[in-house]
file model08.cif (mmCIF, C-alpha atoms)
data_model
loop_
_atom_site.group_PDB
_atom_site.id
_atom_site.type_symbol
_atom_site.label_atom_id
_atom_site.label_comp_id
_atom_site.auth_asym_id
_atom_site.auth_seq_id
_atom_site.Cartn_x
_atom_site.Cartn_y
_atom_site.Cartn_z
ATOM 1 C CA MET A 902 61.645 149.897 183.557
ATOM 2 C CA ILE A 903 64.290 147.597 184.980
ATOM 3 C CA ARG A 904 64.070 143.909 184.072
ATOM 4 C CA LYS A 905 64.772 141.156 186.561
ATOM 5 C CA LEU A 906 65.833 138.068 184.668
ATOM 6 C CA ARG A 907 66.263 134.598 186.099
ATOM 7 C CA ALA A 908 68.904 132.528 184.317
ATOM 8 C CA ILE A 909 68.781 128.817 185.132
ATOM 9 C CA LEU A 910 71.884 126.810 184.261
ATOM 10 C CA ASP A 911 71.138 123.495 182.569
ATOM 11 C CA THR A 912 72.640 121.174 185.212
ATOM 12 C CA GLU A 913 71.482 118.285 187.375
ATOM 13 C CA GLU A 914 71.908 120.425 190.490
ATOM 14 C CA ASP A 915 69.786 123.547 190.860
ATOM 15 C CA VAL A 916 71.826 126.575 189.807
ATOM 16 C CA PHE A 917 70.361 129.937 188.888
ATOM 17 C CA VAL A 918 71.044 133.643 189.080
ATOM 18 C CA ASP A 919 68.794 136.687 189.122
ATOM 19 C CA ILE A 920 70.116 139.606 187.096
ATOM 20 C CA LEU A 921 68.875 143.192 187.031
ATOM 21 C CA ILE A 922 69.334 144.900 183.675
ATOM 22 C CA HIS A 923 68.239 148.174 182.054
ATOM 23 C CA PRO A 924 65.745 147.859 179.186
ATOM 24 C CA ASP A 925 67.989 149.909 176.893
ATOM 25 C CA GLN A 926 70.949 147.583 177.402
ATOM 26 C CA SER A 927 71.482 144.847 174.826
ATOM 27 C CA LEU A 928 71.610 141.082 174.748
ATOM 28 C CA GLU A 929 75.361 141.530 174.426
ATOM 29 C CA ASP A 930 75.354 143.102 177.910
ATOM 30 C CA LEU A 931 73.403 140.103 179.217
ATOM 31 C CA HIS A 932 75.857 137.771 177.452
ATOM 32 C CA LEU A 933 78.781 139.463 179.225
ATOM 33 C CA ALA A 934 76.989 139.196 182.594
ATOM 34 C CA LEU A 935 76.269 135.473 182.090
ATOM 35 C CA LYS A 936 79.825 134.865 180.930
ATOM 36 C CA LYS A 937 81.030 136.528 184.145
ATOM 37 C CA VAL A 938 78.689 134.296 186.198
ATOM 38 C CA LEU A 939 80.366 131.294 184.573
ATOM 39 C CA GLY A 940 83.776 132.753 185.434
ATOM 40 C CA LYS A 941 84.788 132.801 181.760
ATOM 41 C CA THR A 942 87.230 135.287 180.297
ATOM 42 C CA ASP A 943 87.839 133.581 176.955
ATOM 43 C CA GLU A 944 86.266 134.649 173.681
ATOM 44 C CA ASN A 945 84.170 131.610 172.795
ATOM 45 C CA PRO A 946 81.106 132.054 170.587
ATOM 46 C CA ALA A 947 77.682 132.426 172.137
ATOM 47 C CA LEU A 948 74.127 132.976 170.988
ATOM 48 C CA PHE A 949 70.607 133.493 172.214
ATOM 49 C CA TYR A 950 67.479 131.795 170.926
ATOM 50 C CA PHE A 951 64.052 133.326 171.272
ATOM 51 C CA SER A 952 61.861 130.741 173.000
ATOM 52 C CA ASN A 953 58.246 129.894 173.633
ATOM 53 C CA GLU A 954 56.626 128.691 176.868
ATOM 54 C CA GLU A 955 57.924 125.120 176.311
ATOM 55 C CA TRP A 956 61.515 126.334 175.787
ATOM 56 C CA MET A 957 61.464 125.458 172.083
ATOM 57 C CA GLN A 958 64.216 127.251 170.162
ATOM 58 C CA GLY A 959 63.076 129.971 167.818
ATOM 59 C CA GLY A 960 65.072 132.596 165.930
ATOM 60 C CA GLU A 961 68.637 133.115 166.994
ATOM 61 C CA VAL A 962 70.536 136.228 167.976
ATOM 62 C CA VAL A 963 74.233 135.964 167.210
ATOM 63 C CA MET A 964 77.451 137.771 168.051
ATOM 64 C CA PRO A 965 78.380 140.281 165.310
ATOM 65 C CA GLU A 966 81.462 138.286 164.291
ATOM 66 C CA PHE A 967 79.257 135.248 163.569
ATOM 67 C CA LYS A 968 76.749 137.025 161.382
ATOM 68 C CA ASP A 969 75.882 134.629 158.565
ATOM 69 C CA SER A 970 73.311 136.571 156.607
ATOM 70 C CA GLU A 971 71.586 139.946 156.442
ATOM 71 C CA ASP A 972 68.648 138.430 158.339
ATOM 72 C CA ASP A 973 70.686 137.508 161.425
ATOM 73 C CA ALA A 974 69.772 139.457 164.559
ATOM 74 C CA LEU A 975 72.830 140.712 166.444
ATOM 75 C CA MET A 976 73.328 140.659 170.213
ATOM 76 C CA ASN A 977 74.617 144.208 170.286
ATOM 77 C CA GLU A 978 71.532 145.471 168.398
ATOM 78 C CA VAL A 979 68.709 143.658 170.231
ATOM 79 C CA SER A 980 67.705 145.574 173.352
ATOM 80 C CA ILE A 981 66.531 143.954 176.556
ATOM 81 C CA ASP A 982 63.291 145.911 176.115
ATOM 82 C CA VAL A 983 62.644 144.036 172.851
ATOM 83 C CA ALA A 984 63.934 140.631 173.962
ATOM 84 C CA PHE A 985 62.148 140.652 177.333
ATOM 85 C CA ASP A 986 59.221 142.965 176.717
ATOM 86 C CA VAL A 987 56.845 141.237 179.164
ATOM 87 C CA VAL A 988 57.084 139.133 182.306
ATOM 88 C CA GLY A 989 57.315 135.497 181.292
ATOM 89 C CA LYS A 990 59.245 136.118 178.063
ATOM 90 C CA LYS A 991 61.952 133.463 177.596
ATOM 91 C CA MET A 992 65.233 133.046 175.768
ATOM 92 C CA ILE A 993 67.857 130.322 175.690
ATOM 93 C CA TYR A 994 71.519 131.320 175.965
ATOM 94 C CA ILE A 995 74.361 129.026 174.874
ATOM 95 C CA TYR A 996 77.991 129.852 175.585
ATOM 96 C CA ASP A 997 80.842 127.920 173.923
ATOM 97 C CA PHE A 998 79.386 125.581 171.331
ATOM 98 C CA ILE A 999 81.738 122.738 172.323
ATOM 99 C CA ASP A 1000 81.078 122.849 176.092
ATOM 100 C CA ALA A 1001 77.508 124.109 175.521
ATOM 101 C CA TRP A 1002 76.971 125.997 178.776
ATOM 102 C CA THR A 1003 73.224 126.607 178.541
ATOM 103 C CA PHE A 1004 71.093 129.052 180.509
ATOM 104 C CA TYR A 1005 67.302 129.266 180.329
ATOM 105 C CA CYS A 1006 66.548 132.963 180.784
ATOM 106 C CA GLU A 1007 63.141 134.334 181.756
ATOM 107 C CA CYS A 1008 61.880 137.789 182.637
ATOM 108 C CA VAL A 1009 60.445 137.373 186.134
ATOM 109 C CA GLU A 1010 59.775 141.022 186.988
ATOM 110 C CA ILE A 1011 59.553 144.478 185.452
ATOM 111 C CA SER A 1012 59.787 147.331 187.947
ATOM 112 C CA ASP A 1013 60.519 151.026 188.188
ATOM 113 C CA PHE A 1014 63.350 150.269 190.607
ATOM 114 C CA GLN A 1015 66.261 152.675 190.027
ATOM 115 C CA ALA A 1016 69.745 151.239 189.856
ATOM 116 C CA GLU A 1017 73.190 152.064 188.506
ATOM 117 C CA ASP A 1018 75.954 149.778 187.278
ATOM 118 C CA LEU A 1019 73.703 147.265 185.585
ATOM 119 C CA PRO A 1020 73.579 144.461 184.669
ATOM 120 C CA ALA A 1021 74.082 143.125 188.166
ATOM 121 C CA VAL A 1022 73.643 139.708 189.717
ATOM 122 C CA VAL A 1023 71.371 140.244 192.703
ATOM 123 C CA MET A 1024 71.004 136.623 193.747
ATOM 124 C CA GLN A 1025 72.761 133.327 193.041
ATOM 125 C CA TYR A 1026 71.541 129.911 194.102
ATOM 126 C CA GLY A 1027 73.778 126.869 193.794
ATOM 127 C CA GLU A 1028 77.374 126.508 192.685
ATOM 128 C CA ILE A 1029 78.537 126.834 189.101
ATOM 129 C CA PRO A 1030 80.269 123.534 188.285
ATOM 130 C CA ASP A 1031 83.941 123.570 187.276
ATOM 131 C CA ALA A 1032 83.237 121.430 184.230
ATOM 132 C CA PRO A 1033 80.448 121.767 181.689
ATOM 133 C CA PRO A 1034 77.218 120.194 182.894
ATOM 134 C CA GLY A 1035 77.232 117.214 180.546
ATOM 135 C CA ASN A 1036 76.067 118.966 177.408
ATOM 136 C CA SER A 1037 79.501 119.158 175.838
ATOM 137 C CA LEU A 1038 80.635 117.205 172.832
ATOM 138 C CA ASP A 1039 83.021 114.447 173.865
ATOM 139 C CA PHE A 1040 85.274 113.795 170.909
ATOM 140 C CA ASP A 1041 86.361 110.511 172.513
ATOM 141 C CA ASP A 1042 82.875 109.211 171.696
ATOM 142 C CA PHE A 1043 83.769 109.417 168.016
ATOM 143 C CA ASP A 1044 86.665 106.948 168.450
ATOM 144 C CA ASP A 1045 84.170 104.083 168.429
ATOM 145 C CA LEU A 1046 82.841 104.991 165.005
ATOM 146 C CA SER A 1047 84.167 102.799 162.241
ATOM 147 C CA ASN A 1048 84.276 102.818 158.470
ATOM 148 C CA ASP A 1049 82.836 99.292 158.244
ATOM 149 C CA GLY A 1050 81.010 99.031 154.959
ATOM 150 C CA PHE A 1051 82.096 102.441 153.730
ATOM 151 C CA GLU A 1052 84.016 101.084 150.752
ATOM 152 C CA GLU A 1053 81.099 98.882 149.674
ATOM 153 C CA ASP A 1054 78.673 101.801 149.838
ATOM 154 C CA MET A 1055 80.880 104.055 147.750
ATOM 155 C CA ASP A 1056 79.963 104.645 144.130
ATOM 156 C CA ASP A 1057 82.349 102.501 142.047
ATOM 157 C CA ASP A 1058 82.919 105.271 139.509
ATOM 158 C CA PHE A 1059 83.914 107.718 142.241
ATOM 159 C CA ALA A 1060 86.156 105.175 143.962
ATOM 160 C CA GLY A 1061 87.761 104.235 140.656
ATOM 161 C CA GLU A 1062 88.882 107.806 140.024
ATOM 162 C CA PHE A 1063 90.977 107.805 143.210
ATOM 163 C CA GLU A 1064 91.885 104.101 143.420
ATOM 164 C CA ASP A 1065 95.484 104.496 142.297
ATOM 165 C CA GLU A 1066 96.132 107.499 144.512
ATOM 166 C CA TYR A 1067 94.471 106.364 147.753
ATOM 167 C CA ASP A 1068 94.658 102.568 147.713
ATOM 168 C CA PHE A 1069 90.973 101.706 148.182
#
call {"tool": "encode", "arguments": {"input": "model08.cif", "output": "structure tokens"}}
result
Amino acid sequence: MIRKLRAILDTEEDVFVDILIHPDQSLEDLHLALKKVLGKTDENPALFYFSNEEWMQGGEVVMPEFKDSEDDALMNEVSIDVAFDVVGKKMIYIYDFIDAWTFYCECVEISDFQAEDLPAVVMQYGEIPDAPPGNSLDFDDFDDLSNDGFEEDMDDDFAGEFEDEYDF
């Protein structure tokens, strides 16, 4: 049965898309559809988190190239039928860990509607911003950090080993 998923972009302005997807397709297919919605063609990392009703992050589903352990679930192996098995099931999708484009995805309908060429965006509300919606890491913020007190906090024995070489 076809799933209708609503993906809400984490922005100040209301932006969301409704996507139809086959239950036997994978989270990787959904990832590619969401990436297309964002207008992205680059190969940045992405992941999904299983979520509860309050959008709390649970277990993650990663891209195969970012598999860390044998326990990691992979996007290309988790079917939509498993990820969104009932109406109301939620997942969080994050694309590009630096810009942190975040979608809150929820299954809003399961129907016996027949369709080809899925996944497909069937509705879009709002405009995707050109720049990340304020979740990104701004490395300029780190310029204000200082080392004040670092030398005093350092273990004297450790500092002594490198004193001649690094001019502490």
call {"tool": "resolve_selection", "arguments": {"input": "model08.cif", "expression": "the PyMOL selection byres ((chain A and resi 980) around 9)", "output": "VMD selection string"}}
result
chain A and resid 924 to 929 976 to 979 981 to 985
call {"tool": "resolve_selection", "arguments": {"input": "model08.cif", "expression": "the PyMOL selection byres ((chain A and resi 938-944) around 10)", "output": "short mmCIF file (atom, residue, chain, number, x, y, z; two decimals) with C-alpha atoms, in the coordinates of the input"}}
result
data_model
loop_
_atom_site.label_atom_id
_atom_site.label_comp_id
_atom_site.auth_asym_id
_atom_site.auth_seq_id
_atom_site.Cartn_x
_atom_site.Cartn_y
_atom_site.Cartn_z
CA LEU A 910 71.88 126.81 184.26
CA PHE A 917 70.36 129.94 188.89
CA VAL A 918 71.04 133.64 189.08
CA HIS A 932 75.86 137.77 177.45
CA LEU A 933 78.78 139.46 179.22
CA ALA A 934 76.99 139.20 182.59
CA LEU A 935 76.27 135.47 182.09
CA LYS A 936 79.82 134.86 180.93
CA LYS A 937 81.03 136.53 184.14
CA ASN A 945 84.17 131.61 172.80
CA PRO A 946 81.11 132.05 170.59
CA ALA A 947 77.68 132.43 172.14
CA TYR A 996 77.99 129.85 175.58
CA ASP A 997 80.84 127.92 173.92
CA TRP A 1002 76.97 126.00 178.78
CA VAL A 1022 73.64 139.71 189.72
CA GLN A 1025 72.76 133.33 193.04
CA GLU A 1028 77.37 126.51 192.68
CA ILE A 1029 78.54 126.83 189.10
CA PRO A 1030 80.27 123.53 188.28
CA ASP A 1031 83.94 123.57 187.28
CA PRO A 1033 80.45 121.77 181.69
#
call {"tool": "atom_distance", "arguments": {"input": "model08.cif", "atom1": "atom CA of A:Ile1011", "atom2": "atom CA of A:Ala908"}}
result
15.2 Å
call {"tool": "closest_residue", "arguments": {"input": "model08.cif", "among": "A:Phe998, A:Phe1004, A:Gly1027, A:Val988", "to": "A:Glu954", "atoms": "all atoms listed in the file"}}
result
A:Val988
call {"tool": "resolve_selection", "arguments": {"input": "model08.cif", "expression": "the PyMOL selection byres ((chain A and resi 973) around 12)", "output": "number ranges by chain"}}
result
A: 948-950, 960-972, 974-979
call {"tool": "closest_residue", "arguments": {"input": "model08.cif", "among": "A:Arg907, A:Asp930, A:Ala1016, A:Val1023", "to": "A:Lys991", "atoms": "only C-alpha atoms"}}
result
A:Arg907
call {"tool": "build_atoms", "arguments": {"input": "model08.cif", "residues": "stretch 1024-1035 of chain A", "atoms": "all heavy atoms", "output": "compact mmCIF listing (two decimals), in the coordinates of the input"}}
result
# COMPACT_ATOMS: atom_id res chain seq x y z
N MET A 1024 71.15 137.85 192.97
CA MET A 1024 71.00 136.62 193.75
C MET A 1024 71.60 135.47 192.95
O MET A 1024 71.48 135.43 191.73
CB MET A 1024 69.54 136.31 194.04
CG MET A 1024 69.40 135.09 194.95
SD MET A 1024 67.72 134.55 195.24
CE MET A 1024 67.35 133.72 193.73
N GLN A 1025 72.27 134.56 193.66
CA GLN A 1025 72.76 133.33 193.04
C GLN A 1025 72.42 132.17 193.95
O GLN A 1025 72.64 132.23 195.16
CB GLN A 1025 74.27 133.37 192.79
CG GLN A 1025 74.78 132.09 192.16
CD GLN A 1025 76.21 132.18 191.66
OE1 GLN A 1025 76.74 133.26 191.43
NE2 GLN A 1025 76.82 131.02 191.49
N TYR A 1026 71.87 131.12 193.35
CA TYR A 1026 71.54 129.91 194.10
C TYR A 1026 72.31 128.76 193.47
O TYR A 1026 72.27 128.57 192.25
CB TYR A 1026 70.04 129.62 194.05
CG TYR A 1026 69.66 128.37 194.78
CD1 TYR A 1026 69.41 128.39 196.14
CD2 TYR A 1026 69.59 127.14 194.12
CE1 TYR A 1026 69.09 127.23 196.84
CE2 TYR A 1026 69.26 125.98 194.80
CZ TYR A 1026 69.02 126.03 196.15
OH TYR A 1026 68.70 124.88 196.83
N GLY A 1027 73.01 128.01 194.28
CA GLY A 1027 73.78 126.87 193.79
C GLY A 1027 75.17 127.28 193.33
O GLY A 1027 75.48 128.46 193.21
N GLU A 1028 75.98 126.29 193.09
CA GLU A 1028 77.37 126.51 192.68
C GLU A 1028 77.53 126.18 191.20
O GLU A 1028 77.08 125.14 190.73
CB GLU A 1028 78.31 125.61 193.49
CG GLU A 1028 78.36 125.94 194.97
CD GLU A 1028 78.98 127.30 195.23
OE1 GLU A 1028 79.96 127.66 194.56
OE2 GLU A 1028 78.46 128.02 196.11
N ILE A 1029 78.21 127.08 190.51
CA ILE A 1029 78.54 126.83 189.10
C ILE A 1029 79.57 125.70 189.07
O ILE A 1029 80.60 125.80 189.74
CB ILE A 1029 79.12 128.09 188.43
CG1 ILE A 1029 78.16 129.28 188.54
CG2 ILE A 1029 79.50 127.81 186.99
CD1 ILE A 1029 76.90 129.16 187.75
N PRO A 1030 79.30 124.64 188.33
CA PRO A 1030 80.27 123.53 188.28
C PRO A 1030 81.55 123.95 187.58
O PRO A 1030 81.55 124.87 186.75
CB PRO A 1030 79.54 122.44 187.49
CG PRO A 1030 78.37 123.07 186.87
CD PRO A 1030 78.11 124.36 187.55
N ASP A 1031 82.66 123.28 187.92
CA ASP A 1031 83.94 123.57 187.28
C ASP A 1031 83.96 123.11 185.83
O ASP A 1031 84.59 123.72 184.98
CB ASP A 1031 85.09 122.89 188.02
CG ASP A 1031 85.30 123.49 189.40
OD1 ASP A 1031 84.99 124.69 189.58
OD2 ASP A 1031 85.75 122.75 190.30
N ALA A 1032 83.28 122.00 185.58
CA ALA A 1032 83.24 121.43 184.23
C ALA A 1032 81.85 121.64 183.63
O ALA A 1032 80.88 121.83 184.37
CB ALA A 1032 83.55 119.94 184.30
N PRO A 1033 81.76 121.62 182.32
CA PRO A 1033 80.45 121.77 181.69
C PRO A 1033 79.48 120.72 182.21
O PRO A 1033 79.87 119.61 182.56
CB PRO A 1033 80.73 121.54 180.20
CG PRO A 1033 82.19 121.75 180.04
CD PRO A 1033 82.82 121.41 181.36
N PRO A 1034 78.22 121.07 182.27
CA PRO A 1034 77.22 120.19 182.89
C PRO A 1034 76.74 119.03 182.06
O PRO A 1034 75.59 118.66 182.10
CB PRO A 1034 76.07 121.17 183.18
CG PRO A 1034 76.22 122.23 182.17
CD PRO A 1034 77.68 122.36 181.91
N GLY A 1035 77.62 118.42 181.27
CA GLY A 1035 77.23 117.21 180.55
C GLY A 1035 76.64 117.45 179.18
O GLY A 1035 76.25 116.51 178.51
